[in-house]
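K.L.:
final_7.tsv (TSV, C-alpha atoms) pasted underneath:
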chain	number	residue	atom	x	y	z
A	1	MET	CA	124.20	64.61	118.17
A	2	THR	CA	123.51	67.87	119.96
A	3	THR	CA	121.10	70.56	118.85
A	4	PRO	CA	122.72	73.97	118.29
A	5	THR	CA	121.92	76.41	121.06
A	6	ALA	CA	120.13	79.51	119.88
A	7	PRO	CA	121.33	82.91	121.07
A	8	ALA	CA	119.60	84.15	124.18
A	9	THR	CA	117.79	86.82	122.18
A	10	ALA	CA	116.50	84.48	119.44
A	11	LEU	CA	112.75	84.42	118.84
A	12	PRO	CA	110.64	82.17	116.59
A	13	LEU	CA	109.95	85.00	114.16
A	14	ARG	CA	108.11	84.15	110.96
A	15	PRO	CA	110.81	83.71	108.29
A	16	GLU	CA	109.33	86.33	105.94
A	17	LEU	CA	109.63	88.94	108.71
A	18	ALA	CA	113.36	88.40	109.25
A	19	GLY	CA	115.22	91.65	108.66
A	20	GLU	CA	112.04	93.72	108.33
A	21	VAL	CA	111.82	97.07	110.10
A	22	PRO	CA	108.68	98.87	111.33
A	23	TYR	CA	106.96	101.22	108.91
A	24	GLY	CA	107.27	104.92	109.60
A	25	ALA	CA	108.26	108.27	108.16
A	26	PRO	CA	111.00	110.18	110.02
A	27	GLN	CA	109.73	111.94	113.13
A	28	LEU	CA	112.12	114.82	113.71
A	29	ASP	CA	111.77	117.95	115.82
A	30	VAL	CA	112.12	120.71	113.23
A	31	PRO	CA	110.20	123.98	112.77
A	32	VAL	CA	108.36	123.03	109.56
A	33	LEU	CA	106.88	119.52	109.28
A	34	LEU	CA	105.66	118.82	105.74
A	35	ASN	CA	106.42	115.12	105.38
A	36	VAL	CA	103.35	113.04	106.38
A	37	ASN	CA	100.41	114.87	104.75
A	38	GLU	CA	98.89	116.05	108.01
A	39	ASN	CA	96.42	118.89	108.11
A	40	PRO	CA	98.56	121.81	109.38
A	41	TYR	CA	95.65	123.49	111.18
A	42	ALA	CA	95.03	122.34	114.75
A	43	PRO	CA	91.39	121.88	115.77
A	44	SER	CA	89.70	125.15	116.74
A	45	ASP	CA	88.75	125.95	120.33
A	46	GLU	CA	85.14	125.15	119.44
A	47	VAL	CA	86.05	121.72	118.08
A	48	VAL	CA	88.25	121.00	121.09
A	49	ALA	CA	85.47	122.00	123.47
A	50	THR	CA	82.94	119.73	121.80
A	51	ILE	CA	85.36	116.79	121.80
A	52	ALA	CA	86.25	117.39	125.45
A	53	ALA	CA	82.60	117.49	126.51
A	54	ASP	CA	81.60	114.42	124.53
A	55	VAL	CA	84.63	112.40	125.64
A	56	ALA	CA	83.93	113.38	129.26
A	57	ALA	CA	80.40	112.05	128.86
A	58	ALA	CA	81.72	108.82	127.37
A	59	ALA	CA	84.25	108.49	130.21
A	60	ARG	CA	81.41	108.08	132.69
A	61	GLY	CA	80.69	104.71	131.10
A	62	LEU	CA	84.22	103.41	130.65
A	63	ASN	CA	83.53	100.55	133.05
A	64	ARG	CA	81.41	99.06	130.24
A	65	TYR	CA	82.56	97.78	126.87
A	66	PRO	CA	81.91	100.17	123.97
A	67	ASP	CA	79.18	99.68	121.39
A	68	ARG	CA	80.85	97.11	119.17
A	69	ASP	CA	78.67	97.95	116.15
A	70	PHE	CA	78.89	101.77	116.70
A	71	LEU	CA	75.76	102.45	114.66
A	72	GLY	CA	75.64	106.07	115.80
A	73	LEU	CA	79.09	106.83	114.41
A	74	ARG	CA	78.36	104.90	111.23
A	75	GLY	CA	75.20	106.95	110.74
A	76	ASP	CA	77.13	110.20	111.19
A	77	LEU	CA	79.74	109.08	108.64
A	78	ALA	CA	77.00	108.14	106.15
A	79	ALA	CA	75.48	111.61	106.60
A	80	PHE	CA	78.86	113.23	105.95
A	81	LEU	CA	79.42	111.23	102.76
A	82	HIS	CA	75.97	112.23	101.52
A	83	ARG	CA	76.81	115.88	102.11
A	84	GLU	CA	80.31	115.63	100.62
A	85	SER	CA	79.61	113.43	97.59
A	86	GLY	CA	75.83	113.38	97.21
A	87	VAL	CA	75.66	109.59	97.66
A	88	SER	CA	73.01	108.15	99.99
A	89	LEU	CA	74.14	105.16	102.04
A	90	ALA	CA	72.51	103.03	104.71
A	91	VAL	CA	74.15	102.83	108.12
A	92	GLU	CA	74.87	99.15	107.46
A	93	GLN	CA	76.98	100.12	104.43
A	94	ILE	CA	79.57	101.93	106.57
A	95	TRP	CA	82.46	100.39	108.46
A	96	ALA	CA	85.14	102.05	110.61
A	97	ALA	CA	88.32	101.12	112.45
A	98	ASN	CA	91.43	102.57	114.04
A	99	GLY	CA	92.67	104.44	110.99
A	100	SER	CA	92.25	103.43	107.37
A	101	ASN	CA	95.26	101.16	107.97
A	102	GLU	CA	93.11	98.87	110.11
A	103	VAL	CA	90.27	99.09	107.59
A	104	MET	CA	92.68	97.85	104.90
A	105	LEU	CA	93.93	95.10	107.17
A	106	HIS	CA	90.33	93.96	107.74
A	107	LEU	CA	89.85	93.80	103.97
A	108	LEU	CA	92.94	91.63	103.48
A	109	GLN	CA	92.00	89.43	106.44
A	110	ALA	CA	88.56	88.84	104.96
A	111	PHE	CA	89.41	88.50	101.27
A	112	GLY	CA	93.14	87.74	101.11
A	113	GLY	CA	95.12	84.96	102.75
A	114	PRO	CA	97.21	81.96	101.72
A	115	GLY	CA	96.78	81.00	98.08
A	116	ARG	CA	95.30	84.40	97.21
A	117	THR	CA	96.72	87.54	95.61
A	118	ALA	CA	96.43	91.28	96.25
A	119	LEU	CA	97.24	93.60	93.37
A	120	SER	CA	97.93	97.31	92.92
A	121	PHE	CA	99.87	99.66	90.64
A	122	ALA	CA	103.16	101.31	91.58
A	123	PRO	CA	104.16	103.83	92.65
A	124	THR	CA	101.51	103.80	95.35
A	125	TYR	CA	101.09	103.67	99.11
A	126	SER	CA	103.99	101.75	100.62
A	127	MET	CA	101.87	100.03	103.30
A	128	TYR	CA	99.87	97.93	100.81
A	129	PRO	CA	102.50	95.18	100.45
A	130	GLU	CA	102.80	95.08	104.24
A	131	TYR	CA	99.06	94.42	104.60
A	132	ALA	CA	99.53	91.57	102.14
A	133	ARG	CA	102.57	90.23	103.96
A	134	ASP	CA	100.84	90.31	107.34
A	135	THR	CA	97.87	88.33	106.01
A	136	HIS	CA	99.94	85.78	104.05
A	137	THR	CA	98.60	87.19	100.80
A	138	ARG	CA	100.72	87.16	97.65
A	139	TRP	CA	101.54	90.68	96.45
A	140	VAL	CA	101.69	91.84	92.83
A	141	ALA	CA	102.35	95.41	91.66
A	142	GLY	CA	101.64	96.60	88.14
A	143	ARG	CA	102.92	99.86	86.68
A	144	ARG	CA	101.61	103.35	86.14
A	145	ASN	CA	102.29	105.54	83.12
A	146	GLU	CA	105.08	108.13	83.16
A	147	ASP	CA	102.56	110.79	84.21
A	148	PHE	CA	101.36	108.44	86.99
A	149	THR	CA	97.96	107.82	85.40
A	150	LEU	CA	96.72	104.24	85.10
A	151	ASP	CA	96.37	102.56	81.71
A	152	PRO	CA	93.11	100.58	81.84
A	153	ALA	CA	94.33	98.10	79.22
A	154	HIS	CA	97.41	97.30	81.32
A	155	ALA	CA	95.25	97.04	84.45
A	156	VAL	CA	92.81	94.63	82.84
A	157	GLU	CA	95.58	92.48	81.37
A	158	LEU	CA	97.31	92.20	84.75
A	159	ILE	CA	94.08	91.32	86.55
A	160	GLU	CA	93.25	88.63	83.98
A	161	ARG	CA	96.75	87.15	84.29
A	162	GLU	CA	97.16	87.25	88.09
A	163	GLN	CA	93.55	86.51	89.17
A	164	PRO	CA	93.73	88.51	92.41
A	165	SER	CA	91.13	88.38	95.16
A	166	VAL	CA	91.77	92.02	96.18
A	167	ILE	CA	92.61	94.96	93.90
A	168	LEU	CA	93.79	98.16	95.57
A	169	LEU	CA	93.33	101.44	93.70
A	170	THR	CA	94.31	104.76	95.25
A	171	SER	CA	92.56	107.96	94.21
A	172	PRO	CA	94.09	110.45	94.76
A	173	ASN	CA	97.18	108.28	94.66
A	174	ASN	CA	99.89	108.48	97.31
A	175	PRO	CA	102.64	109.64	96.70
A	176	THR	CA	101.72	111.16	93.33
A	177	GLY	CA	98.36	112.85	94.02
A	178	THR	CA	96.85	111.40	90.84
A	179	ALA	CA	93.07	110.92	90.76
A	180	LEU	CA	91.47	108.10	88.78
A	181	PRO	CA	88.70	108.78	86.24
A	182	LEU	CA	85.62	106.69	86.94
A	183	GLU	CA	86.00	105.02	83.54
A	184	VAL	CA	89.28	103.49	84.73
A	185	VAL	CA	87.70	102.29	87.97
A	186	GLU	CA	84.83	100.77	86.00
A	187	ALA	CA	87.23	98.94	83.66
A	188	VAL	CA	88.95	97.45	86.70
A	189	LEU	CA	85.60	96.50	88.25
A	190	ASP	CA	84.52	94.76	85.04
A	191	ALA	CA	87.78	92.77	84.96
A	192	ALA	CA	87.47	91.98	88.68
A	193	ALA	CA	84.01	90.50	88.11
A	194	ARG	CA	85.55	87.92	85.75
A	195	VAL	CA	88.21	86.76	88.24
A	196	ARG	CA	87.98	83.23	89.62
A	197	VAL	CA	89.19	83.58	93.22
A	198	PRO	CA	90.65	80.39	94.74
A	199	GLY	CA	88.23	78.87	97.23
A	200	ALA	CA	85.43	81.33	96.45
A	201	PRO	CA	82.01	80.47	95.00
A	202	ASP	CA	81.71	80.63	91.22
A	203	GLY	CA	81.03	84.16	90.07
A	204	ALA	CA	82.25	85.77	93.29
A	205	GLY	CA	84.88	87.88	91.52
A	206	ALA	CA	87.54	90.04	93.17
A	207	VAL	CA	87.01	92.86	95.65
A	208	VAL	CA	88.07	96.29	94.37
A	209	VAL	CA	89.10	98.82	97.01
A	210	VAL	CA	89.38	102.49	96.06
A	211	ASP	CA	91.41	104.22	98.76
A	212	GLU	CA	90.17	107.82	98.90
A	213	ALA	CA	92.11	109.01	101.95
A	214	TYR	CA	92.63	112.41	100.30
A	215	ALA	CA	89.33	112.65	98.41
A	216	GLU	CA	88.10	115.79	100.16
A	217	PHE	CA	91.01	117.69	98.60
A	218	ARG	CA	90.16	116.73	95.02
A	219	ARG	CA	89.70	119.50	92.48
A	220	ALA	CA	86.24	120.61	91.36
A	221	GLY	CA	84.75	118.15	88.88
A	222	THR	CA	86.81	115.18	90.07
A	223	PRO	CA	84.34	112.41	90.96
A	224	SER	CA	84.40	109.97	93.85
A	225	ALA	CA	84.13	106.21	93.39
A	226	LEU	CA	81.26	106.41	95.88
A	227	GLU	CA	79.10	107.18	92.85
A	228	LEU	CA	79.60	103.60	91.63
A	229	LEU	CA	78.60	101.79	94.83
A	230	ALA	CA	74.91	101.27	94.03
A	231	ASP	CA	75.62	98.84	91.17
A	232	ARG	CA	78.92	97.33	92.33
A	233	PRO	CA	78.60	94.92	95.29
A	234	ASN	CA	82.33	94.06	95.20
A	235	LEU	CA	83.45	97.71	95.49
A	236	ALA	CA	84.68	99.30	98.73
A	237	VAL	CA	85.60	102.98	99.02
A	238	SER	CA	87.75	103.89	102.01
A	239	ARG	CA	88.12	107.30	103.65
A	240	THR	CA	89.80	108.74	106.76
A	241	MET	CA	89.29	111.52	109.28
A	242	SER	CA	93.05	112.03	109.53
A	243	LYS	CA	93.40	114.57	106.73
A	244	ALA	CA	90.34	116.70	105.99
A	245	PHE	CA	89.13	116.58	109.59
A	246	ALA	CA	92.55	117.48	111.06
A	247	ALA	CA	92.31	114.34	113.19
A	248	ALA	CA	95.43	112.28	112.43
A	249	GLY	CA	95.83	111.71	116.17
A	250	LEU	CA	92.28	110.38	116.48
A	251	ARG	CA	92.96	107.30	114.30
A	252	LEU	CA	89.59	106.88	112.63
A	253	GLY	CA	89.31	105.42	109.16
A	254	TYR	CA	86.18	104.11	107.49
A	255	LEU	CA	84.74	102.69	104.28
A	256	ALA	CA	81.52	102.48	102.34
A	257	ALA	CA	80.48	99.27	100.59
A	258	SER	CA	77.61	96.84	100.16
A	259	THR	CA	76.06	95.51	103.35
A	260	ALA	CA	77.36	92.02	102.51
A	261	LEU	CA	80.94	93.27	102.17
A	262	VAL	CA	80.71	95.19	105.45
A	263	ASP	CA	79.31	92.11	107.20
A	264	ALA	CA	82.36	90.16	106.04
A	265	LEU	CA	84.61	92.70	107.76
A	266	ARG	CA	82.61	92.36	110.96
A	267	VAL	CA	83.65	88.69	111.02
A	268	VAL	CA	87.39	89.44	111.17
A	269	ARG	CA	87.43	92.55	113.37
A	270	LEU	CA	88.57	92.15	116.96
A	271	PRO	CA	85.82	92.45	119.58
A	272	TYR	CA	85.15	96.05	120.66
A	273	HIS	CA	87.92	97.32	118.39
A	274	LEU	CA	86.75	100.97	118.49
A	275	SER	CA	86.95	102.43	121.98
A	276	ALA	CA	84.15	104.51	123.44
A	277	VAL	CA	86.55	107.46	123.57
A	278	THR	CA	87.38	107.15	119.86
A	279	GLN	CA	83.70	106.92	118.94
A	280	ALA	CA	82.83	109.97	121.03
A	281	ALA	CA	85.70	112.06	119.69
A	282	ALA	CA	84.94	111.17	116.08
A	283	ARG	CA	81.25	112.00	116.41
A	284	ALA	CA	82.16	115.27	118.10
A	285	ALA	CA	84.46	116.27	115.24
A	286	LEU	CA	81.76	115.43	112.70
A	287	LYS	CA	79.50	118.01	114.37
A	288	HIS	CA	81.92	120.65	113.01
A	289	THR	CA	82.01	119.44	109.41
A	290	GLU	CA	81.29	122.87	107.94
A	291	SER	CA	84.19	124.70	109.60
A	292	LEU	CA	86.62	121.83	109.02
A	293	LEU	CA	85.79	121.61	105.32
A	294	ALA	CA	86.37	125.37	105.05
A	295	GLN	CA	89.98	124.64	106.02
A	296	VAL	CA	90.08	122.09	103.21
A	297	ASP	CA	89.14	124.84	100.75
A	298	ALA	CA	92.03	126.96	102.02
A	299	LEU	CA	94.48	124.09	101.72
A	300	ARG	CA	93.27	123.30	98.21
A	301	ALA	CA	94.01	126.90	97.15
A	302	GLU	CA	97.41	126.80	98.87
A	303	ARG	CA	98.21	123.55	97.05
A	304	ASP	CA	97.33	124.93	93.63
A	305	ALA	CA	99.46	128.02	94.24
A	306	LEU	CA	102.37	125.83	95.33
A	307	VAL	CA	102.07	123.71	92.18
A	308	ASP	CA	102.21	126.85	90.04
A	309	TRP	CA	105.24	128.14	91.93
A	310	LEU	CA	107.15	124.87	91.68
A	311	ARG	CA	106.52	124.67	87.95
A	312	GLY	CA	108.16	128.06	87.62
A	313	GLN	CA	111.38	126.94	89.30
A	314	THR	CA	114.54	125.65	87.63
A	315	GLY	CA	116.30	122.65	89.13
A	316	PRO	CA	120.05	122.04	89.49
A	317	SER	CA	120.00	120.42	86.02
A	318	GLY	CA	119.04	123.75	84.49
A	319	LYS	CA	115.64	122.38	83.47
A	320	PRO	CA	112.25	123.38	84.95
A	321	LEU	CA	111.09	121.24	87.82
A	322	LEU	CA	108.54	118.56	87.02
A	323	VAL	CA	105.40	118.62	89.17
A	324	ALA	CA	102.74	115.91	89.14
A	325	ASP	CA	99.10	116.93	88.83
A	326	THR	CA	97.60	116.52	92.28
A	327	ASP	CA	94.15	116.19	93.82
A	328	ALA	CA	95.56	115.60	97.30
A	329	ASN	CA	97.05	117.78	100.04
A	330	PHE	CA	100.60	117.14	98.88
A	331	VAL	CA	102.75	117.72	95.81
A	332	LEU	CA	105.28	115.38	94.16
A	333	PHE	CA	108.05	117.27	92.40
A	334	GLY	CA	111.46	116.63	90.84
A	335	THR	CA	113.48	115.39	89.33
A	336	PHE	CA	116.85	115.56	91.06
A	337	ALA	CA	120.02	113.61	90.28
A	338	ASP	CA	120.61	113.44	94.04
A	339	ARG	CA	117.27	113.88	95.74
A	340	HIS	CA	118.73	112.97	99.12
A	341	ALA	CA	121.04	115.97	98.94
A	342	VAL	CA	118.02	118.21	98.34
A	343	TRP	CA	116.06	116.53	101.15
A	344	ARG	CA	119.04	116.91	103.49
A	345	GLY	CA	119.53	120.54	102.51
A	346	LEU	CA	115.91	121.32	103.33
A	347	LEU	CA	116.19	119.52	106.66
A	348	ASP	CA	119.32	121.52	107.52
A	349	ARG	CA	117.17	124.63	106.99
A	350	GLY	CA	114.43	123.39	109.31
A	351	VAL	CA	112.03	121.99	106.72
A	352	LEU	CA	111.16	118.27	106.72
A	353	ILE	CA	109.58	116.80	103.57
A	354	ARG	CA	109.39	113.18	102.36
A	355	GLU	CA	111.94	111.30	100.28
A	356	VAL	CA	109.50	108.84	98.74
A	357	GLY	CA	108.21	107.65	95.40
A	358	PRO	CA	110.10	107.15	92.14
A	359	ALA	CA	113.81	107.89	92.01
A	360	GLY	CA	114.55	111.59	91.76
A	361	TRP	CA	111.21	112.79	93.15
A	362	LEU	CA	110.33	114.39	96.49
A	363	ARG	CA	106.95	114.93	98.16
A	364	VAL	CA	105.93	117.98	100.17
A	365	SER	CA	102.72	118.27	102.18
A	366	VAL	CA	100.66	121.44	101.89
A	367	GLY	CA	101.15	123.58	104.97
A	368	THR	CA	100.02	126.96	106.20
A	369	PRO	CA	101.01	130.00	104.12
A	370	GLY	CA	103.86	130.63	106.55
A	371	GLU	CA	105.12	127.05	106.30
A	372	THR	CA	104.87	127.16	102.51
A	373	ALA	CA	106.92	130.38	102.46
A	374	ARG	CA	109.61	128.72	104.59
A	375	PHE	CA	109.66	125.75	102.23
A	376	LYS	CA	109.98	127.97	99.14
A	377	ASP	CA	112.85	129.96	100.63
A	378	ALA	CA	114.65	126.81	101.75
A	379	LEU	CA	114.20	125.05	98.39
A	380	THR	CA	115.47	128.11	96.51
A	381	ASP	CA	118.60	128.16	98.69
A	382	VAL	CA	119.17	124.40	98.36
A	383	ILE	CA	118.85	124.42	94.56
A	384	THR	CA	121.32	127.33	94.38
A	385	ASP	CA	123.80	125.50	96.62
A	386	VAL	CA	123.50	122.23	94.71
A	387	THR	CA	123.87	124.03	91.37
A	388	ASN	CA	126.99	125.84	92.60
A	389	GLU	CA	128.49	122.56	93.83
A	390	GLN	CA	127.88	120.94	90.46
A	391	GLU	CA	129.54	123.86	88.64
A	392	ALA	CA	132.55	124.02	90.98
Translate the structure of the given file into structure tokens.

P.N.:
Amino acid sequence: MTTPTAPATALPLRPELAGEVPYGAPQLDVPVLLNVNENPYAPSDEVVATIAADVAAAARGLNRYPDRDFLGLRGDLAAFLHRESGVSLAVEQIWAANGSNEVMLHLLQAFGGPGRTALSFAPTYSMYPEYARDTHTRWVAGRRNEDFTLDPAHAVELIEREQPSVILLTSPNNPTGTALPLEVVEAVLDAAARVRVPGAPDGAGAVVVVDEAYAEFRRAGTPSALELLADRPNLAVSRTMSKAFAAAGLRLGYLAASTALVDALRVVRLPYHLSAVTQAAARAALKHTESLLAQVDALRAERDALVDWLRGQTGPSGKPLLVADTDANFVLFGTFADRHAVWRGLLDRGVLIREVGPAGWLRVSVGTPGETARFKDALTDVITDVTNEQEA
């Protein structure tokens, strides 16, 4: 009996990866890019000069491996969090990696794995199930309310039933912009403490991760989960420099947690995972915190004005547009019977937004005043065209 010959291009791909495609939002060359929640303001000449000088200094030592524990950068990040949220943290309580994506992967590598479960609440960030998949962790998604808030009773019931080792909360949530009250986070933490994780010591409980990638954009009075860290050893709060620091191209994400939790991540990280250039550039950008956060204030005001404008518009259905409350630098709005037609119409007019989230909804990032004006004009035209087509 002969063995069938595989095609020349066949590879021993893991079965669960068959048919999968790489993650990524469309990257199209159009005048107005409002689809991936980037900060629309390029770094100032002063920021660029500082980064250039500090990277040049680091380049003189590129024949050596970088500082694998990067205590200087971790100290700078701790100082920023103290300024931004008023929470004092030791250097050893900070971790960083190549984007918050790698931070999340470290968390699943350390606390997920075969026989374990990661849990979140949809709609939420679409990469979470991929982190679970890539670490052989079972994935479970609960539901959010119609207004995209999280019902603590539902969250607790799901945690008690599924017994996850990792619980992912997003605040502000992507793609909805919804922030979580601390009472909800605390209810989840209490339920997580009662979880019996397979293979873990008795009483270990589940790890709760609050993803605060957009936290700097939150409205006044909206708290950060950083305030809970002192009494919650199983809590991790992740942040990024991609958004508020206008450094999406830098790829620097980080988290704050107990020293024990951070030490667990140090076990699974690759050696020297943060280059000397990345460390130097990140520390250089942090020297300009004041001016960069001033841009955040401007974007927050632009966002609130955009929300008000969208709520004053009428959709093709003849009903006012729905707009989710947002504490992020983007706005989810709808609903449309054919959201793809609206997305396509905007693209045809040179404006790229994101077709993501629940059916009928679209997400637009907050841009400069000029970009927002282009988006408003394009959306007005598209809604008129779609309405006319429906009436024809």

K.L.:
Using only C-alpha atoms, list the residues that have an atom at most 6 Å from (91.7, 87.2, 108.0), coordinates as in the file, as a PDB file with C-alpha atoms, in the frame of the given file.

P.N.:
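Ended up saving to point.pdb:
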ATOM      1  CA  GLN A 109      92.000  89.430 106.440  1.00  0.00           C
ATOM      2  CA  ALA A 110      88.560  88.840 104.960  1.00  0.00           C
ATOM      3  CA  VAL A 268      87.390  89.440 111.170  1.00  0.00           C
TER       4      VAL A 268
END

K.L.:
Lys376 (chain A): which residues within 9 Å, counting all atoms listed in the file, same-chain residues fewer than 6 positions away excluded, as a list in words?

P.N.:
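Counting only the stated atoms, we get Leu306, Trp309 and Leu310 of chain A.
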
K.L.:
What would the list of residues within 9 Å of (104.1, 104.3, 87.0) (file frame) look like as a list in words, if all atoms listed in the file are what count?

P.N.:
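Answer for this query, in the requested form: Phe121, Ala122, Pro123, Thr124, Gly142, Arg143, Arg144, Asn145, Glu146, Asp147, Phe148, Thr149, Leu150 and Pro358 of chain A.
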
K.L.:
Rank A:Ala56, A:Ala153, A:Ala141, A:Ala225 by their smallest atom-to-atom distance to Asp211 (chain A), using all atoms listed in the file, and report the top residue only.

P.N.:
A:Ala225

K.L.:
Pick out the residues sitting within 8 Å of Ala213 (chain A), and hand them over as a PDB file with C-alpha atoms, in the frame of the given file; count all atoms listed in the file, and ignore anything fewer than 2 positions along from it in its own chain.

P.N.:
ATOM      1  CA  SER A 100      92.250 103.430 107.370  1.00  0.00           C
ATOM      2  CA  SER A 171      92.560 107.960  94.210  1.00  0.00           C
ATOM      3  CA  PRO A 172      94.090 110.450  94.760  1.00  0.00           C
ATOM      4  CA  ASP A 211      91.410 104.220  98.760  1.00  0.00           C
ATOM      5  CA  ALA A 215      89.330 112.650  98.410  1.00  0.00           C
ATOM      6  CA  SER A 238      87.750 103.890 102.010  1.00  0.00           C
ATOM      7  CA  ARG A 239      88.120 107.300 103.650  1.00  0.00           C
ATOM      8  CA  THR A 240      89.800 108.740 106.760  1.00  0.00           C
ATOM      9  CA  LYS A 243      93.400 114.570 106.730  1.00  0.00           C
TER      10      LYS A 243
END

K.L.:
One decimal, in Å: what's the spacing between CA of Leu235 (chain A) and CA of Leu261 (chain A)?

P.N.:
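Separation between CA of Leu235 (chain A) and CA of Leu261 (chain A): 8.4 Å.
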
K.L.:
How many Å lie between CA of Glu102 (chain A) and CA of Ile353 (chain A), rounded to one decimal?

P.N.:
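Rounded to one decimal, the two atoms are 25.2 Å apart.
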
K.L.:
May I ask for the distance between CA of Ile94 (chain A) and CA of Gly72 (chain A), given in Å to one decimal place?

P.N.:
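So the answer is 10.9 Å.
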
K.L.:
Just the residues within 12 Å of region 288-294 of chain A, please, counting only C-alpha atoms, with nothing from its chain fewer than 5 positions along; format it as a VMD selection string.

P.N.:
chain A and resid 39 to 51 76 to 77 79 to 81 83 to 84 215 to 217 241 to 247 281 to 283 299 to 301

K.L.:
Could you tell me which of A:Val30, A:Ala236, A:Val210, A:Ala200 comes closest to Leu265 (chain A) if we count all atoms listed in the file?

P.N.:
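The closest residue to Leu265 (chain A) is A:Ala236.
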
K.L.:
Once 5 Å is added on each side, what are the centre and the three edge lengths, in Å to one decimal, of the axis-aligned box enclosing the listed atoms of region 187-191 of chain A? Present them as lines of an AutoDock Vina configuration file.

P.N.:
center_x = 86.7
center_y = 95.9
center_z = 86.0
size_x = 14.4
size_y = 16.2
size_z = 14.6

K.L.:
I need the residue nearest Gly345 (chain A) from this list: A:Leu28, A:Ala118, A:Ala187, A:Ala378. Use only C-alpha atoms for the distance.

P.N.:
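Answer, going by the shortest atom-to-atom distance: A:Ala378.
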
K.L.:
Quick one: of A:Leu226, A:Ala359, A:Leu119, A:Ala264, who's nearest to His82 (chain A), counting all atoms listed in the file?

P.N.:
A:Leu226

K.L.:
Can you pull out every residue within 10 Å of Pro369 (chain A), counting all atoms listed in the file, but drop anything in the same chain fewer than 3 positions away, and send it as number ranges by chain?

P.N.:
A: 298-299, 302-303, 306, 366, 372-375

K.L.:
Considering all atoms listed in the file, state which residue in the set A:Leu228, A:Asp327, A:Leu250, A:Tyr272 is at the smallest distance from Val87 (chain A).

P.N.:
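Looking at the shortest contact to Val87 (chain A), the residue is A:Leu228.
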